[in-house]
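Trainee: Hey, dropping run.txt in here, compact mmCIF, C-alpha atoms:
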# COMPACT_ATOMS: atom_id res chain seq x y z
CA MET A 1 0.00 0.00 0.00
CA GLU A 2 2.73 2.40 1.09
CA ASP A 3 4.83 1.49 -1.96
CA LYS A 4 1.89 2.08 -4.21
CA LYS A 5 1.31 5.55 -2.79
CA GLU A 6 4.99 6.33 -3.20
CA GLU A 7 4.86 5.12 -6.79
CA LEU A 8 1.82 7.25 -7.51
CA ALA A 9 3.33 10.46 -6.33
CA LYS A 10 6.94 9.95 -7.34
CA THR A 11 8.37 12.15 -10.00
CA SER A 12 10.29 10.04 -12.46
CA GLY A 13 12.42 12.82 -13.88
CA ASP A 14 12.60 16.56 -14.11
CA ASN A 15 10.92 16.53 -17.47
CA ASP A 16 8.12 14.40 -16.17
CA PRO A 17 7.09 16.00 -12.90
CA ARG A 18 4.28 14.36 -11.02
CA ILE A 19 1.34 16.57 -10.07
CA ILE A 20 -1.32 15.49 -7.62
CA ALA A 21 -4.76 17.06 -7.99
CA PHE A 22 -7.17 16.84 -5.08
CA VAL A 23 -10.61 17.52 -6.53
CA CYS A 24 -14.16 17.55 -5.30
CA ASN A 25 -16.59 14.93 -6.48
CA TRP A 26 -19.32 17.25 -7.66
CA CYS A 27 -17.71 19.95 -9.75
CA THR A 28 -14.06 19.56 -10.62
CA TYR A 29 -14.14 15.79 -10.99
CA SER A 30 -17.13 16.08 -13.29
CA GLY A 31 -15.31 18.85 -15.14
CA ALA A 32 -12.27 16.62 -15.58
CA ASP A 33 -14.59 13.82 -16.64
CA LEU A 34 -16.14 16.10 -19.23
CA ALA A 35 -12.69 16.95 -20.56
CA GLY A 36 -12.05 13.21 -20.86
CA THR A 37 -15.32 12.27 -22.53
CA SER A 38 -14.90 15.20 -24.89
CA ARG A 39 -11.52 13.74 -25.90
CA MET A 40 -9.63 16.90 -24.98
CA LYS A 41 -5.90 16.40 -24.65
CA TYR A 42 -3.94 17.59 -21.65
CA ALA A 43 -0.67 16.91 -19.86
CA ASP A 44 -0.55 13.40 -18.41
CA ASN A 45 1.53 14.46 -15.41
CA VAL A 46 -1.51 14.88 -13.24
CA ARG A 47 -2.96 12.21 -10.97
CA VAL A 48 -6.46 12.99 -9.79
CA ILE A 49 -7.65 12.10 -6.31
CA LYS A 50 -11.36 12.50 -5.83
CA LEU A 51 -12.84 13.57 -2.50
CA PRO A 52 -16.42 14.41 -1.54
CA CYS A 53 -15.80 18.14 -1.25
CA SER A 54 -12.96 20.66 -1.27
CA GLY A 55 -13.82 21.12 2.40
CA ARG A 56 -12.65 17.53 2.90
CA ILE A 57 -9.17 18.26 1.61
CA ASP A 58 -7.08 18.50 4.73
CA PRO A 59 -3.84 20.50 4.45
CA MET A 60 -2.16 17.29 5.56
CA PHE A 61 -2.95 15.86 2.13
CA ILE A 62 -0.81 18.53 0.49
CA VAL A 63 2.01 17.83 2.89
CA GLU A 64 1.64 14.10 2.29
CA ALA A 65 1.76 14.54 -1.49
CA PHE A 66 4.94 16.63 -1.27
CA LYS A 67 6.45 14.17 1.15
CA LYS A 68 5.81 11.32 -1.26
CA GLY A 69 7.63 13.21 -3.98
CA ALA A 70 5.02 15.15 -5.93
CA LYS A 71 6.35 18.29 -7.61
CA GLY A 72 3.07 20.13 -7.61
CA VAL A 73 -0.27 19.93 -5.85
CA LEU A 74 -3.53 21.26 -7.23
CA ILE A 75 -6.62 21.75 -5.08
CA SER A 76 -9.82 22.29 -6.95
CA GLY A 77 -13.50 22.48 -6.04
CA CYS A 78 -16.81 24.09 -6.87
CA HIS A 79 -17.11 27.80 -7.55
CA PRO A 80 -18.15 29.87 -4.53
CA GLY A 81 -21.89 29.50 -4.14
CA ASP A 82 -22.03 26.19 -6.01
CA CYS A 83 -20.93 23.80 -3.26
CA HIS A 84 -22.98 20.61 -3.16
CA TYR A 85 -22.81 20.83 0.63
CA ILE A 86 -23.62 24.54 0.55
CA SER A 87 -20.56 25.95 2.29
CA GLY A 88 -17.68 23.43 2.10
CA ASN A 89 -15.71 25.45 -0.41
CA TYR A 90 -16.10 28.68 1.57
CA HIS A 91 -14.60 26.98 4.59
CA SER A 92 -11.78 25.47 2.57
CA ARG A 93 -11.03 28.85 0.99
CA ARG A 94 -10.47 30.33 4.45
CA LYS A 95 -8.29 27.42 5.50
CA TYR A 96 -6.18 27.49 2.37
CA ALA A 97 -5.65 31.25 2.35
CA ILE A 98 -3.90 30.78 5.69
CA PHE A 99 -2.24 27.46 4.97
CA ARG A 100 -0.73 28.88 1.81
CA ASN A 101 0.79 31.74 3.81
CA LEU A 102 2.19 29.24 6.28
CA LEU A 103 3.80 27.17 3.52
CA GLY A 104 5.27 30.30 2.00
CA PHE A 105 6.63 31.46 5.34
CA LEU A 106 8.34 28.13 5.93
CA GLY A 107 10.10 28.35 2.59
CA VAL A 108 7.97 26.25 0.24
CA ASP A 109 7.90 27.62 -3.29
CA LEU A 110 4.28 28.70 -3.70
CA ASN A 111 4.47 28.03 -7.43
CA ARG A 112 4.16 24.39 -6.49
CA VAL A 113 0.70 24.74 -4.96
CA GLU A 114 -2.25 25.78 -7.06
CA PHE A 115 -5.89 26.36 -6.22
CA SER A 116 -8.78 26.62 -8.62
CA TRP A 117 -12.54 26.54 -8.95
CA VAL A 118 -13.64 24.33 -11.83
CA SER A 119 -17.31 23.55 -12.40
CA ALA A 120 -18.77 20.43 -14.00
CA SER A 121 -19.19 22.24 -17.31
CA GLU A 122 -15.68 23.69 -17.43
CA GLY A 123 -13.77 20.90 -19.14
CA ASN A 124 -11.89 23.58 -21.06
CA LYS A 125 -10.83 25.37 -17.90
CA TRP A 126 -9.59 22.11 -16.39
CA VAL A 127 -7.44 21.40 -19.46
CA HIS A 128 -6.11 24.92 -19.42
CA ILE A 129 -5.26 24.82 -15.70
CA ILE A 130 -3.51 21.46 -15.90
CA ASN A 131 -1.44 22.44 -18.93
CA GLU A 132 -0.48 25.78 -17.47
CA PHE A 133 0.38 24.29 -14.08
CA THR A 134 2.44 21.51 -15.65
CA ASP A 135 4.42 24.04 -17.67
CA LYS A 136 4.99 26.11 -14.57
CA ILE A 137 6.24 23.11 -12.60
CA LYS A 138 8.52 22.08 -15.46
CA SER A 139 10.02 25.55 -15.61
CA LEU A 140 10.95 25.52 -11.91
CA LYS A 141 14.59 25.06 -11.11
CA ASN A 142 15.60 21.42 -10.68
CA GLY A 143 17.05 21.94 -7.29
CA SER A 144 13.97 23.66 -5.85
CA ASN A 145 14.70 22.66 -2.33
CA ASP A 146 12.23 22.80 0.50
CA ILE A 147 11.42 21.34 3.86
CA PHE A 148 9.85 18.27 2.28
CA LYS A 149 12.88 17.25 0.29
CA LYS A 150 14.53 14.18 1.72
CA MET B 151 4.83 44.01 45.76
CA ALA B 152 3.73 42.72 49.15
CA ASN B 153 0.54 44.63 48.63
CA ILE B 154 -0.32 42.54 45.57
CA ASP B 155 0.39 39.33 47.40
CA GLU B 156 -1.83 40.34 50.31
CA LYS B 157 -4.73 41.21 48.04
CA LEU B 158 -4.24 38.00 46.12
CA GLN B 159 -4.18 35.93 49.28
CA LYS B 160 -7.27 37.64 50.70
CA ILE B 161 -9.28 36.96 47.54
CA ALA B 162 -8.09 33.36 47.48
CA ARG B 163 -8.90 32.84 51.16
CA ASP B 164 -12.41 34.26 50.73
CA LEU B 165 -13.05 32.09 47.70
CA LEU B 166 -11.86 28.92 49.37
CA GLU B 167 -13.54 29.58 52.71
CA SER B 168 -16.88 30.34 51.10
CA LYS B 169 -16.46 27.13 49.06
CA GLU B 170 -17.01 29.11 45.87
CA VAL B 171 -14.04 27.31 44.39
CA SER B 172 -12.27 24.15 45.44
CA LEU B 173 -8.95 24.92 43.81
CA ILE B 174 -6.90 28.05 43.21
CA ILE B 175 -4.20 27.99 40.57
CA GLY B 176 -1.63 30.69 41.12
CA TYR B 177 2.05 31.51 41.36
CA THR B 178 4.46 31.00 44.20
CA GLY B 179 8.17 31.61 44.71
CA GLY B 180 10.34 29.22 42.76
CA SER B 181 13.75 27.72 43.14
CA HIS B 182 15.46 31.11 43.26
CA PRO B 183 14.25 34.71 43.71
CA GLN B 184 14.02 35.34 39.96
CA ARG B 185 11.80 32.35 39.32
CA MET B 186 8.12 31.78 39.99
CA ARG B 187 6.33 28.50 39.69
CA PRO B 188 2.69 27.41 39.52
CA VAL B 189 1.02 26.37 42.76
CA PHE B 190 -2.28 24.62 43.44
CA ILE B 191 -4.06 25.69 46.61
CA THR B 192 -6.98 23.72 47.98
CA LYS B 193 -7.00 24.73 51.67
CA PRO B 194 -7.59 28.27 52.99
CA GLU B 195 -4.63 27.94 55.36
CA ASP B 196 -2.25 27.52 52.43
CA VAL B 197 -3.08 30.77 50.66
CA GLY B 198 0.01 32.42 52.14
CA ARG B 199 2.02 30.75 49.43
CA LEU B 200 0.34 32.74 46.67
CA SER B 201 2.38 35.49 45.13
CA PHE B 202 2.74 37.44 41.90
CA ASN B 203 5.54 39.50 40.44
CA ARG B 204 7.32 40.38 37.22
CA HIS B 205 8.78 36.89 36.99
CA SER B 206 5.38 35.20 36.76
CA VAL B 207 5.87 34.14 33.16
CA GLN B 208 3.81 30.94 33.00
CA ASP B 209 0.40 30.82 31.40
CA LEU B 210 -1.62 29.00 34.06
CA ALA B 211 -4.58 28.47 31.73
CA VAL B 212 -2.67 25.44 30.45
CA PHE B 213 -3.68 23.49 33.54
CA LEU B 214 -7.39 23.85 32.80
CA LYS B 215 -7.08 21.21 30.07
CA LYS B 216 -5.82 18.58 32.51
CA GLN B 217 -8.20 15.95 33.87
CA GLU B 218 -6.57 16.18 37.30
CA VAL B 219 -7.55 19.84 37.46
CA LYS B 220 -10.93 19.53 35.77
CA LYS B 221 -12.17 17.14 38.46
CA PHE B 222 -12.06 19.97 41.01
CA GLY B 223 -15.07 21.49 39.29
CA ARG B 224 -15.05 25.13 40.25
CA ILE B 225 -11.61 26.65 39.94
CA GLY B 226 -10.07 30.01 40.70
CA ILE B 227 -7.18 31.03 38.49
CA VAL B 228 -4.68 33.86 38.59
CA VAL B 229 -4.22 35.35 35.13
CA LYS B 230 -2.34 38.12 33.40
CA GLY B 231 -3.92 39.88 30.43
CA CYS B 232 -2.35 37.53 27.90
CA ASP B 233 -3.26 34.39 29.84
CA GLU B 234 -6.85 35.55 30.05
CA LYS B 235 -7.05 35.58 26.26
CA ALA B 236 -6.35 31.84 26.37
CA LEU B 237 -9.30 31.47 28.75
CA ASN B 238 -11.47 33.35 26.27
CA VAL B 239 -10.55 30.96 23.47
CA LEU B 240 -11.18 27.96 25.72
CA MET B 241 -14.62 29.35 26.53
CA GLN B 242 -15.25 30.16 22.88
CA GLU B 243 -14.51 26.53 22.05
CA TYR B 244 -16.64 25.20 24.92
CA GLN B 245 -13.69 23.72 26.77
CA VAL B 246 -14.39 25.51 30.04
CA SER B 247 -17.54 27.23 31.15
CA ARG B 248 -17.57 30.70 32.60
CA GLU B 249 -19.59 29.63 35.65
CA ASN B 250 -16.93 27.21 36.76
CA ILE B 251 -14.08 29.67 36.61
CA LYS B 252 -13.34 32.50 38.98
CA ILE B 253 -10.88 34.76 37.23
CA ILE B 254 -8.47 36.62 39.48
CA GLY B 255 -7.03 39.11 37.04
CA VAL B 256 -3.71 40.78 37.69
CA GLU B 257 -2.74 43.89 35.80
CA CYS B 258 0.65 43.33 34.26
CA ASN B 259 3.05 45.65 32.50
CA GLY B 260 5.34 42.93 31.28
CA VAL B 261 7.23 39.92 32.54
CA ILE B 262 10.98 39.51 32.43
CA ARG B 263 12.39 36.95 30.03
CA GLN B 264 13.24 33.84 31.95
CA ASP B 265 16.62 33.35 30.31
CA LEU B 266 17.65 36.83 31.46
CA ALA B 267 16.05 36.44 34.89
CA ASP B 268 18.11 33.32 35.46
CA LYS B 269 21.19 35.46 34.97
CA GLY B 270 19.94 37.84 37.64
CA GLU B 271 17.98 40.38 35.64
CA THR B 272 15.34 42.14 37.77
CA ASP B 273 14.74 45.38 35.86
CA LEU B 274 11.60 45.73 33.83
CA SER B 275 12.55 47.45 30.60
CA GLU B 276 12.01 47.06 26.91
CA ASN B 277 15.22 45.09 26.67
CA THR B 278 14.31 42.55 29.30
CA VAL B 279 10.69 41.66 28.62
CA TYR B 280 9.25 39.25 26.06
CA ASP B 281 8.32 40.56 22.62
CA LYS B 282 4.67 39.85 23.41
CA CYS B 283 4.83 42.35 26.31
CA LEU B 284 6.06 45.10 23.98
CA MET B 285 3.06 44.57 21.74
CA CYS B 286 0.61 43.87 24.56
CA GLY B 287 -2.79 45.48 24.21
CA GLU B 288 -4.35 43.76 27.19
CA HIS B 289 -2.40 44.85 30.25
CA THR B 290 -5.68 44.49 32.12
CA PRO B 291 -7.39 41.12 31.67
CA ILE B 292 -10.50 41.47 29.50
CA LEU B 293 -12.72 39.30 31.69
CA HIS B 294 -12.17 39.15 35.42
CA ASP B 295 -14.10 38.59 38.61
CA TYR B 296 -11.45 40.28 40.72
CA LEU B 297 -8.80 42.70 39.61
CA ILE B 298 -5.52 43.49 41.28
CA GLU B 299 -3.76 46.67 40.19
CA CYS B 300 -0.30 46.69 38.82
CA ALA B 301 2.68 47.60 40.94
CA ASP B 302 5.09 47.90 38.04
CA PRO B 303 5.40 51.07 35.99
CA GLN B 304 4.62 50.97 32.30
CA ILE B 305 7.61 50.15 30.14
CA SER B 306 8.93 53.17 28.29
CA MET B 307 9.47 52.43 24.65
CA SER B 308 12.34 54.10 22.86
CA GLY B 309 11.07 52.90 19.49
CA ASP B 310 14.42 51.31 18.68
CA ILE B 311 13.22 47.81 19.41
CA LYS B 312 10.75 46.39 16.98
CA PRO B 313 8.97 43.35 18.36
CA PHE B 314 9.01 40.36 16.01
CA ALA B 315 11.14 42.24 13.48
CA LYS B 316 12.38 38.86 12.29
CA ILE B 317 8.95 38.12 10.77
CA GLU B 318 9.31 41.00 8.34
CA GLU B 319 12.88 40.02 7.66
CA LEU B 320 11.78 36.49 6.77
CA ASP B 321 8.87 37.78 4.69
CA SER B 322 11.29 39.69 2.50
CA MET B 323 13.52 36.66 1.90
CA SER B 324 13.30 34.34 -1.09
CA SER B 325 11.88 30.88 -0.52
CA GLU B 326 15.37 29.35 -0.70
CA GLU B 327 16.62 31.66 2.03
CA LYS B 328 13.59 30.96 4.18
CA ASP B 329 14.10 27.27 3.61
CA VAL B 330 17.71 27.50 4.75
CA PHE B 331 16.63 29.39 7.88
CA TRP B 332 13.86 26.97 8.84
CA GLU B 333 15.83 23.89 7.97
CA LYS B 334 18.46 24.97 10.46
CA GLU B 335 15.84 25.71 13.11
CA PHE B 336 13.77 22.55 12.63
CA ASP B 337 16.91 20.47 12.54
CA LYS B 338 17.26 21.17 16.26
CA CYS B 339 13.82 19.77 17.06
CA ILE B 340 13.95 16.65 19.21
CA LYS B 341 10.22 15.95 19.01
CA CYS B 342 9.70 16.27 22.75
CA TYR B 343 6.33 17.97 22.14
CA ALA B 344 6.97 20.40 24.97
CA CYS B 345 5.49 23.09 22.72
CA ARG B 346 2.25 21.15 22.67
CA GLN B 347 2.21 20.37 26.37
CA ALA B 348 2.88 23.97 27.35
CA CYS B 349 0.19 25.34 25.05
CA PRO B 350 -3.08 26.20 26.79
CA LEU B 351 -4.95 25.66 23.53
CA CYS B 352 -3.50 22.29 22.49
CA TYR B 353 -6.11 20.28 24.36
CA CYS B 354 -6.94 17.36 22.02
CA SER B 355 -7.02 14.19 24.07
CA ARG B 356 -5.31 12.47 21.16
CA CYS B 357 -2.99 14.63 19.11
CA ILE B 358 -2.71 14.11 15.35
CA VAL B 359 0.93 13.18 15.80
CA GLU B 360 -0.10 10.23 17.97
CA LYS B 361 -2.55 8.86 15.44
CA ASN B 362 -0.89 6.10 13.48
CA VAL B 363 -3.64 4.72 11.24
CA PRO B 364 -2.80 6.42 8.99
CA GLN B 365 0.39 7.95 10.25
CA TRP B 366 0.28 11.51 8.94
CA ILE B 367 3.35 12.81 10.72
CA ASP B 368 6.67 10.98 10.81
CA THR B 369 7.52 10.52 14.45
CA ASN B 370 11.25 10.17 13.92
CA PHE B 371 13.28 13.31 14.13
CA GLY B 372 14.30 13.35 10.53
CA LYS B 373 14.08 16.43 8.43
CA ILE B 374 10.63 15.77 7.03
CA GLY B 375 9.10 14.63 10.30
CA ASN B 376 10.33 17.73 12.08
CA ALA B 377 9.06 20.04 9.36
CA GLN B 378 5.71 18.29 9.28
CA TRP B 379 5.25 18.48 13.02
CA ASN B 380 6.11 22.15 13.28
CA LEU B 381 3.99 22.99 10.27
CA ILE B 382 0.91 21.14 11.48
CA ARG B 383 1.28 22.40 15.05
CA ALA B 384 1.31 25.97 13.75
CA TYR B 385 -1.60 25.31 11.42
CA HIS B 386 -3.76 23.79 14.15
CA LEU B 387 -3.17 26.91 16.22
CA ALA B 388 -3.75 29.38 13.41
CA GLY B 389 -6.57 31.72 14.36
CA ARG B 390 -6.52 30.35 17.91
CA CYS B 391 -3.03 31.14 19.21
CA ILE B 392 -3.22 34.10 21.56
CA GLY B 393 0.53 34.65 21.55
CA CYS B 394 1.36 33.81 25.16
CA GLY B 395 4.70 32.45 23.95
CA GLU B 396 4.67 29.40 26.19
CA CYS B 397 5.65 27.05 23.34
CA GLU B 398 8.78 29.02 22.61
CA ARG B 399 9.63 29.32 26.30
CA ALA B 400 9.13 25.59 26.82
CA CYS B 401 11.21 24.62 23.78
CA PRO B 402 14.43 23.04 25.05
CA VAL B 403 16.28 23.78 21.82
CA ASN B 404 14.99 27.34 21.34
CA ILE B 405 13.19 27.07 18.03
CA PRO B 406 11.63 30.52 17.40
CA LEU B 407 8.08 29.17 17.32
CA MET B 408 6.57 32.57 18.02
CA LEU B 409 7.75 33.74 14.61
CA ILE B 410 5.47 31.19 12.98
CA ASN B 411 2.61 31.84 15.40
CA GLY B 412 3.05 35.58 14.99
CA LYS B 413 3.04 35.28 11.22
CA MET B 414 -0.18 33.26 11.35
CA ALA B 415 -1.83 35.81 13.64
CA ARG B 416 -0.83 38.61 11.28
CA SER B 417 -2.10 36.77 8.21
CA ILE B 418 -5.42 36.11 9.90
CA HIS B 419 -5.75 39.69 10.95
CA ASP B 420 -4.85 40.95 7.49
CA LEU B 421 -7.19 38.59 5.66
CA PHE B 422 -10.14 38.26 8.00
CA GLY B 423 -9.73 41.13 10.48
CA TYR B 424 -9.82 38.68 13.36
CA LYS B 425 -7.75 38.62 16.52
CA SER B 426 -8.07 35.59 18.72
CA GLY B 427 -8.96 35.71 22.38
CA LEU B 428 -10.37 39.22 22.47
CA ASP B 429 -14.06 38.45 22.29
CA VAL B 430 -15.47 35.46 24.08
CA ASP B 431 -18.70 35.63 22.05
CA ALA B 432 -17.00 35.78 18.65
CA LYS B 433 -17.15 32.70 16.45
CA PRO B 434 -13.78 31.03 15.82
CA VAL B 435 -12.30 32.34 12.58
CA PHE B 436 -12.33 28.94 10.85
CA GLY B 437 -15.84 28.17 12.07
CA VAL B 438 -17.37 30.87 9.93
CA PHE B 439 -16.79 32.30 6.45
CA SER B 440 -17.74 35.26 4.36
CA GLU B 441 -18.73 35.18 0.72
CA SER B 442 -16.31 38.01 0.10
CA ASP B 443 -13.29 36.24 1.61
CA PHE B 444 -9.85 36.64 0.04
CA ASN B 445 -9.97 34.84 -3.30
CA ASP B 446 -6.93 36.17 -5.17
CA PHE B 447 -4.90 32.99 -4.94
CA ILE B 448 -7.58 30.81 -6.53
CA LYS B 449 -7.88 30.53 -10.29
Now that the file is in, can you turn its structure into structure tokens?

Mentor:
Amino acid sequence: MEDKKEELAKTSGDNDPRIIAFVCNWCTYSGADLAGTSRMKYADNVRVIKLPCSGRIDPMFIVEAFKKGAKGVLISGCHPGDCHYISGNYHSRRKYAIFRNLLGFLGVDLNRVEFSWVSASEGNKWVHIINEFTDKIKSLKNGSNDIFKK
Amino acid sequence: MANIDEKLQKIARDLLESKEVSLIIGYTGGSHPQRMRPVFITKPEDVGRLSFNRHSVQDLAVFLKKQEVKKFGRIGIVVKGCDEKALNVLMQEYQVSRENIKIIGVECNGVIRQDLADKGETDLSENTVYDKCLMCGEHTPILHDYLIECADPQISMSGDIKPFAKIEELDSMSSEEKDVFWEKEFDKCIKCYACRQACPLCYCSRCIVEKNVPQWIDTNFGKIGNAQWNLIRAYHLAGRCIGCGECERACPVNIPLMLINGKMARSIHDLFGYKSGLDVDAKPVFGVFSESDFNDFIK
């Protein structure tokens, strides 16, 4: 199990950085699904992990993904006002505004963490975000050192 | 000084004799004249041990989370302004109820840093107090049932010393430089969890670091485990930390934990206009949200 997780997150080379996307079940996952069923092409560096709601995405998950070797982490959920559980994304927005500051203060390159709102109909936006984020991660310096590097 | 002690002892004696409380948590003289230590008084005849002075650095609210103390039911506690903010957060989070606590507030114009006091420092000045005292806005406890006036004069500020100047310095660094700084600091961590034990607001009966299915935080003191622990500790206190500085004081290897806590408090104030511990009726900052919250970082 542990090995599998490690395998999932590990970046095989600098040209093939692994990106973990934590997405909510109701909007972003459906959006990504739409991109897939519409046969849109996008960077295959991303591994999607589906959760019930962006409010379920504990900051520990980000830390865990970095620890396991991911180069970038994307958090994505429903647009404000669209949450399936009414307010999950509002709560997560508050949490992440602060958590992001904390990561930055402790010396993590904030280019490696991305947040987005993607609705079920925004397959295009999903493709755009993944491609852009992948390019950004690829352009980072190889030795981008931080507290999670072993 | 003796005046304060007398008043303190009279209040404590009255409270214990009238059976309004069954325990008083306060300060008493420690192992040498520049040290105070916590004391637990249950009998009226023992109140003579109670004392308070500029060396009373501990935040006694930390004991309210302990089962051994909780079983006393109604408790009297001696607090400074900063310690009382911890009480407010505990009440806000339904950890203690106001009816069970008699707050003996002591006005305080600063406490002397323990490391300096151990070397014999007795003067109260901007060079000898904790950074939190320089920024203190609550010299008088916000809530109190009894109030004892301050014997110490207010500290005169020359303006040369900027409390927590290191936060701004770190903010202006690049992420590599910050990483170098924190790597060096976290490298010292021995995972003793003294920061957690000394914190009045770390009251979970089972801390995340002790949960092992799944194991979120590496318990060894390797680089990643140390970083994870310090990161998560700070995050769990974000919006709750009242800045009493007990974690940093308790740290045996002197990691500047108050820099992280201070940064979190500033971020929360900047983004949500919230300061913890000031209003006992306010909702915790992460318990509520606003539709117009900061959204710039989200695509």

Trainee: Excluding range 383-392 of chain B and residues on its chain fewer than 2 positions from it, collect all residues at most 7 Å away from it, counting all atoms listed in the file, and give them as a PyMOL selection string.

Mentor: (chain A and resi 99) or (chain B and resi 235-236+239+379-381+394+410-411+414-415+418+426-427+435)

Trainee: If you count only C-alpha atoms, which residues fall within 12 Å of Cys27 in chain A, apart from same-chain ones fewer than 5 positions away, as a VMD selection string?

Mentor: chain A and resid 22 32 to 34 50 to 54 76 to 85 89 116 to 123 125 to 126

Trainee: Of the candidates B:Gln159, B:Thr272, B:Ser324, B:Gln245, which shows the shortest atom-to-atom distance to Leu200 in chain B, using all atoms listed in the file?

Mentor: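 Nearest to Leu200 in chain B: B:Gln159.
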
Trainee: I need the residue nearest chain B from this list: A:Phe105, A:Tyr29, A:Phe66, A:Phe133. Use only C-alpha atoms for the distance.

Mentor: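 Distance minimum relative to chain B lands on A:Phe105.
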
Trainee: As an exercise, work out the distance from CA of Ile57 in chain A to CA of Asn362 in chain B in Å and give it to one decimal place.

Mentor: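 Atom-to-atom, CA of Ile57 in chain A and CA of Asn362 in chain B are spaced 18.9 Å apart.
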
Trainee: Please check the contacts: residues of chain B at most 7 Å away from chain A, using all atoms listed in the file, listed as a list in words.

Mentor: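 Only these qualify: Asp321, Ser325, Glu326, Lys328, Asp329, Trp332, Glu333, Ile374, Ala377, Tyr385, Met414, Ser417, Ile418, Phe436, Phe439, Phe447, Ile448 and Lys449 of chain B.
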
Trainee: Quick one: distance from CA of Met285 in chain B to CA of Gly393 in chain B in Å, one decimal?

Mentor: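 Answer for the CA of Met285 in chain B to CA of Gly393 in chain B separation: 10.2 Å.
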
Trainee: Just how far from CA of Asp273 in chain B is CA of Ala301 in chain B, in Å to one decimal?

Mentor: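 It comes out at 13.3 Å.
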
Trainee: Leaving out Tyr177 in chain B and any residue of its chain fewer than 5 positions from it, which residues lie within 9 Å of it when counting all atoms listed in the file, given as a list in words?

Mentor: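 Selected residues are Met186, Arg187, Pro188, Val189, Phe190, Arg199, Leu200, Ser201, Phe202, Asn203, Ser206, Gln208, Leu210 and Val228 of chain B.
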
Trainee: Applying 6 Å and all atoms listed in the file, which residues near range 302-312 of chain B remain after dropping the ones on its own chain fewer than 2 positions away? List them as a ChimeraX atom specification.

Mentor: /B:259,275,300,315

Trainee: Extract, using only C-alpha atoms, all DNA, RNA and protein residues at most 9 Å from range 336-338 of chain B, discarding same-chain residues fewer than 4 positions from it, and format them as a PyMOL selection string.

Mentor: chain B and resi 331-332+371-373+376-377+380+403-405

Trainee: Restricting the calculation to all atoms listed in the file, which member of A:Ala65, A:Asp58, A:Thr37, A:Ala43 is positioned closest to Ile20 in chain A?

Mentor: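 For Ile20 in chain A, the nearest of the given residues is A:Ala65.
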
Trainee: Which one is closest to Gly231 in chain B: B:Ser322, B:Thr278, B:Ser168, B:Thr290? Count only C-alpha atoms.

Mentor: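 With only C-alpha atoms as the atom set, the closest residue is B:Thr290.
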
Trainee: Please identify all polymer residues lying at most 6 Å from the point (6.7, 41.5, 17.9) (file coordinates), using all atoms listed in the file, and present the result as a list in words.

Mentor: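 Counting all atoms listed in the file, I find these residues within 6 Å of (6.7, 41.5, 17.9): Asp281, Pro313 and Phe314 of chain B.
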
Trainee: Assuming 5 Å of padding per side, give the centre and edge lengths of the axis-aligned box around every listed atom of range 285-296 of chain B, in Å to one decimal and as AutoDock Vina command-line options.

Mentor:
--center_x -5.5 --center_y 42.0 --center_z 31.2 --size_x 27.2 --size_y 16.9 --size_z 29.0
